[in-house]
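Here is the structure we will look at, set down as structure tokens.
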Protein chains: 2
Amino acid sequence: MDIWRSNNMPIDGEFKLIERIKRWVGPPSSRVFLGIGDDAAVALPPAEKLLTTIDMLVEGVHFDFSYMTPRELGHKALAVNLSDIAAMGGEPWYALVSLGLNDSLGETSVEAFYAGMLALAQKYGVEIIGGNLVRSPDRVIVDISIIGQSKGRVLSRQGANPGDVVAVTGYPGASAAGLAILKKLGRNGIASLPTLGQAHLMPEPRVREGQALAQLAGVTALIDISDGIANEANHLASSSEVRVQLDREKFRFSSETQQAASQMGKDPLDWALRGGEDYELLVTLVPATAGQAEAALKKLGTPLTVVGQVSADGSGVVLKAGNGEVSLLPPGGWDHFPNEPVRK
Amino acid sequence: MDIWRSNNMPIDGEFKLIERIKRWVGPPSSRVFLGIGDDAAVALPPAEKLLTTIDMLVEGVHFDFSYMTPRELGHKALAVNLSDIAAMGGEPWYALVSLGLNDSLGETSVEAFYAGMLALAQKYGVEIIGGNLVRSPDRVIVDISIIGQSKGRVLSRQGANPGDVVAVTGYPGASAAGLAILKKLGRNGIASLPTLGQAHLMPEPRVREGQALAQLAGVTALIDISDGIANEANHLASSSEVRVQLDREKFRFSSETQQAASQMGKDPLDWALRGGEDYELLVTLVPATAGQAEAALKKLGTPLTVVGQVSADGSGVVLKAGNGEVSLLPPGGWDHFPNEPVRK
């Protein structure tokens, strides 16, 4: 089933399509002086520090139309980028959308793609102010860039200190669990595990959570776990020049993730550590702030779980088992150019 | 000959490559608080109006390694985007670089690609502050986003008034002439026509020219002609709600473009109107400012040629022949999703 390409009017010209995109996006707000349709967009600059990020999704590498609709792709492509702004504790303002489309793609699908983006953009006050359409003969390509601003403090990967605790938002592993189910059982298989489908196909970026954490003086470093906790905790450890210890027993998983894991004979922790595509946040903070951070995120409906601590003795990441044994947790999981591919 | 993929060390991991890119790019300036390597870049926001643009190049659609080196691709991919900032009369500040790379690509080529970008970036005071690496199994993809600011006035496509004259920078048609020679005769064929090779492979964005034009009160609208003059003059006419008349006799071509045209039995005006990929500027201005504009650009070493005028009688673009006959010039040339493909 190729949802994107079926029952679709063909696209009859780049410039007509740009006119339609302008209509779908609607009139710009008062902070945008010139939106879609000129050589460049013209907008009010942020007053605080400028934050910016870019992220590309390639058909067959990052998504597959056999189990993902265009609307879901629109949502997810924007969510992936919003997550990077969230991971700085920032506020997203503007988005630019670069699309590489096949000849066979239809307008209905492009409209659904935009609808998915626009619904999420509206939720977080982001405006699509520009973009670019090109022909990509083999694979659909989506590349989105976001411009935003800091909300008070910027939370980078560099601030973790020995003595901090490490915590994670939400229930990691759900996205990889959803992908495993989708690959094995397709859309029908995921219907009985809706939160896993949601986690993989329409993840919620933790924008408000990132901003809430940036308000707390005891929060020291923040990163999103889009490439899996094994990779991201190693990034954080190396940027902050500390050791991160994660405690296997402390991780919590959603009941659907546990159900999927037992169905498939998997350890949900493997999905969390190496699966990737959870758009949750990994945060370090002084122990005294943990309760306050948990309460702040609870108000947003998001759990925060302490899963480890930061120490000065050594570098990298270690995983502590239930019996107290500690083993090295090397980077691994989602790497776009792995030596030994973990995943195609 | 596949320049990119030959004699190359394989890429041994996304994160190692990011470390190398950080080294090639060098330490950030004082206006960049966090460059490559965190979830998002953190930088000083522009003080004037923010300008931003994004543009994607796809292997086999926009470039071909059979006649283009990685260094040239790096230069051109950035130039294409700088041209969009130039077409607003703006000043580019920051660039984000999204790369989709094949398994078979080597580090030497990626380094050369960055060297091409960095040389051009330095010339115009642009800093590469972030990016993204993904696997793109079939085709190399380059998507660059630029953030900049206005320099005084923003020049859009919308300001042209009846009575204005229309002028173009440089010698259009050179890029399409270069491509035609490259396709027919390869790199050896272009050696005797170096300015055509340069125009197609390493075009110079008219950043300083755009800024100089923005300083002149009599300049009313500006657009770059990357999709060919036929398309771009129609965009300008429709955005400004005027008619644009171009005078066939007034166009000037470089001697190499004329030489290539006579070799290949082509009309150089067709290359200028429909070929695309000239990163020249098309500008409208009150007639009294034409001399001043020409003098300002001459200081930058760039010719400015009046090639037509703006009128209120009708819409769209017309082309006036030597015998005074006037015919409609519809959009046409480089369209990424054409009804009738002008070019693959």
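Convention: chains lettered A, B, ... in structure tokens order; per-chain residue numbering from 1; ligands numbered from 1 as shown.
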Using only C-alpha atoms, find each residue of chain A with at least one atom at most 8 Å away from an atom of chain B; report its shortest atom-to-atom pair and that distance in Å (one decimal), sort the rows by chain and rising residue number, and return the result as a Markdown table.
```
| residue | atom | partner | partner_atom | distance |
| --- | --- | --- | --- | --- |
| A:Ile11 | CA | B:Phe337 | CA | 7.0 |
| A:Asp12 | CA | B:Asn339 | CA | 5.9 |
| A:Gly13 | CA | B:Phe337 | CA | 4.6 |
| A:Glu14 | CA | B:Phe337 | CA | 5.1 |
| A:Phe15 | CA | B:Asp335 | CA | 7.8 |
| A:Asp38 | CA | B:Arg157 | CA | 6.6 |
| A:Asp39 | CA | B:Asp84 | CA | 5.0 |
| A:Ala40 | CA | B:Thr53 | CA | 4.8 |
| A:Ala41 | CA | B:Thr52 | CA | 5.3 |
| A:Val42 | CA | B:Leu51 | CA | 4.7 |
| A:Ala43 | CA | B:Leu50 | CA | 5.1 |
| A:Leu44 | CA | B:Lys49 | CA | 5.5 |
| A:Pro45 | CA | B:Leu50 | CA | 5.0 |
| A:Pro46 | CA | B:Pro45 | CA | 6.1 |
| A:Ala47 | CA | B:Pro45 | CA | 7.0 |
| A:Glu48 | CA | B:Pro45 | CA | 7.2 |
| A:Lys49 | CA | B:Leu44 | CA | 5.5 |
| A:Leu50 | CA | B:Pro45 | CA | 5.0 |
| A:Leu51 | CA | B:Val42 | CA | 4.7 |
| A:Thr52 | CA | B:Ala41 | CA | 5.3 |
| A:Thr53 | CA | B:Ala40 | CA | 4.8 |
| A:Ile54 | CA | B:Gly131 | CA | 5.9 |
| A:Asp55 | CA | B:Asn132 | CA | 5.8 |
| A:Met56 | CA | B:Ser98 | CA | 6.6 |
| A:Leu57 | CA | B:Val134 | CA | 7.7 |
| A:Val58 | CA | B:Ser136 | CA | 6.4 |
| A:Val61 | CA | B:Arg135 | CA | 7.1 |
| A:Asp84 | CA | B:Asp39 | CA | 5.0 |
| A:Ile85 | CA | B:Ala40 | CA | 6.2 |
| A:Ala87 | CA | B:Asp39 | CA | 6.3 |
| A:Met88 | CA | B:Asp39 | CA | 6.9 |
| A:Leu96 | CA | B:Ile54 | CA | 6.7 |
| A:Val97 | CA | B:Ile54 | CA | 7.6 |
| A:Ser98 | CA | B:Met56 | CA | 6.6 |
| A:Leu99 | CA | B:Met56 | CA | 7.9 |
| A:Gly100 | CA | B:Met56 | CA | 7.8 |
| A:Asp103 | CA | B:Phe337 | CA | 7.2 |
| A:Gly130 | CA | B:Thr53 | CA | 6.7 |
| A:Gly131 | CA | B:Ile54 | CA | 5.9 |
| A:Asn132 | CA | B:Asp55 | CA | 5.8 |
| A:Leu133 | CA | B:His336 | CA | 7.3 |
| A:Val134 | CA | B:His336 | CA | 5.4 |
| A:Arg135 | CA | B:His336 | CA | 5.6 |
| A:Ser136 | CA | B:Val58 | CA | 6.4 |
| A:Asp138 | CA | B:Asp138 | CA | 7.2 |
| A:Asp143 | CA | B:Asp143 | CA | 7.3 |
| A:Ser145 | CA | B:Ser145 | CA | 7.0 |
| A:Ser156 | CA | B:Asp38 | CA | 6.7 |
| A:Arg157 | CA | B:Asp38 | CA | 6.6 |
| A:Ile223 | CA | B:Asp39 | CA | 6.8 |
| A:Asp224 | CA | B:Asp39 | CA | 7.5 |
| A:Asp335 | CA | B:Glu14 | CA | 6.0 |
| A:His336 | CA | B:Val134 | CA | 5.4 |
| A:Phe337 | CA | B:Gly13 | CA | 4.6 |
| A:Pro338 | CA | B:Gly13 | CA | 5.0 |
| A:Asn339 | CA | B:Asp12 | CA | 5.8 |
```
Close residues, Ala174 (chain A) itself excluded, 7 Å, only C-alpha atoms, min 2 positions apart in chain, as JSON, numbers by chain:
{"A": [171, 172, 176, 177, 178, 196, 199, 257, 278]}
May I ask for the distance between CA of Leu300 (chain A) and CA of Ala212 (chain A), given in Å to one decimal place?
9.2 Å
Residues of region 273-315 of chain A in strand (DSSP E), written as a compact mmCIF listing (two decimals) with N, CA and C atoms, in the first residue's frame:
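File selection_20.txt, as written:
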```
# COMPACT_ATOMS: atom_id res chain seq x y z
N LEU A 281 13.21 13.93 26.46
CA LEU A 281 14.38 14.71 26.88
C LEU A 281 15.12 13.98 27.99
N LEU A 282 16.45 14.02 27.91
CA LEU A 282 17.31 13.51 28.98
C LEU A 282 17.91 14.75 29.64
N VAL A 283 17.77 14.81 30.96
CA VAL A 283 18.14 16.04 31.67
C VAL A 283 19.02 15.71 32.87
N THR A 284 19.97 16.57 33.14
CA THR A 284 20.74 16.44 34.39
C THR A 284 20.39 17.62 35.28
N LEU A 285 20.34 17.36 36.57
CA LEU A 285 19.95 18.42 37.51
C LEU A 285 20.48 18.10 38.90
N LEU A 304 8.45 12.51 34.78
CA LEU A 304 9.91 12.65 34.77
C LEU A 304 10.45 11.60 35.72
N THR A 305 11.38 10.79 35.22
CA THR A 305 11.90 9.68 36.02
C THR A 305 13.41 9.81 36.18
N VAL A 306 13.87 9.79 37.44
CA VAL A 306 15.31 9.77 37.67
C VAL A 306 15.82 8.37 37.32
N VAL A 307 16.80 8.31 36.41
CA VAL A 307 17.30 7.01 35.94
C VAL A 307 18.80 6.84 36.16
N GLY A 308 19.43 7.83 36.80
CA GLY A 308 20.87 7.65 37.01
C GLY A 308 21.49 8.86 37.64
N GLN A 309 22.85 8.88 37.65
CA GLN A 309 23.53 10.04 38.20
C GLN A 309 24.83 10.33 37.46
N VAL A 310 25.37 11.50 37.76
CA VAL A 310 26.58 11.98 37.11
C VAL A 310 27.72 11.87 38.11
N SER A 311 28.87 11.38 37.64
CA SER A 311 30.01 11.34 38.55
C SER A 311 31.27 11.78 37.83
```
List the spatial neighbours of His75 (chain B) as a PyMOL selection string - criterion: any atom at most 6 Å away, only C-alpha atoms, same-chain residues fewer than 3 positions off excluded.
chain B and resi 72+78+116-117+202
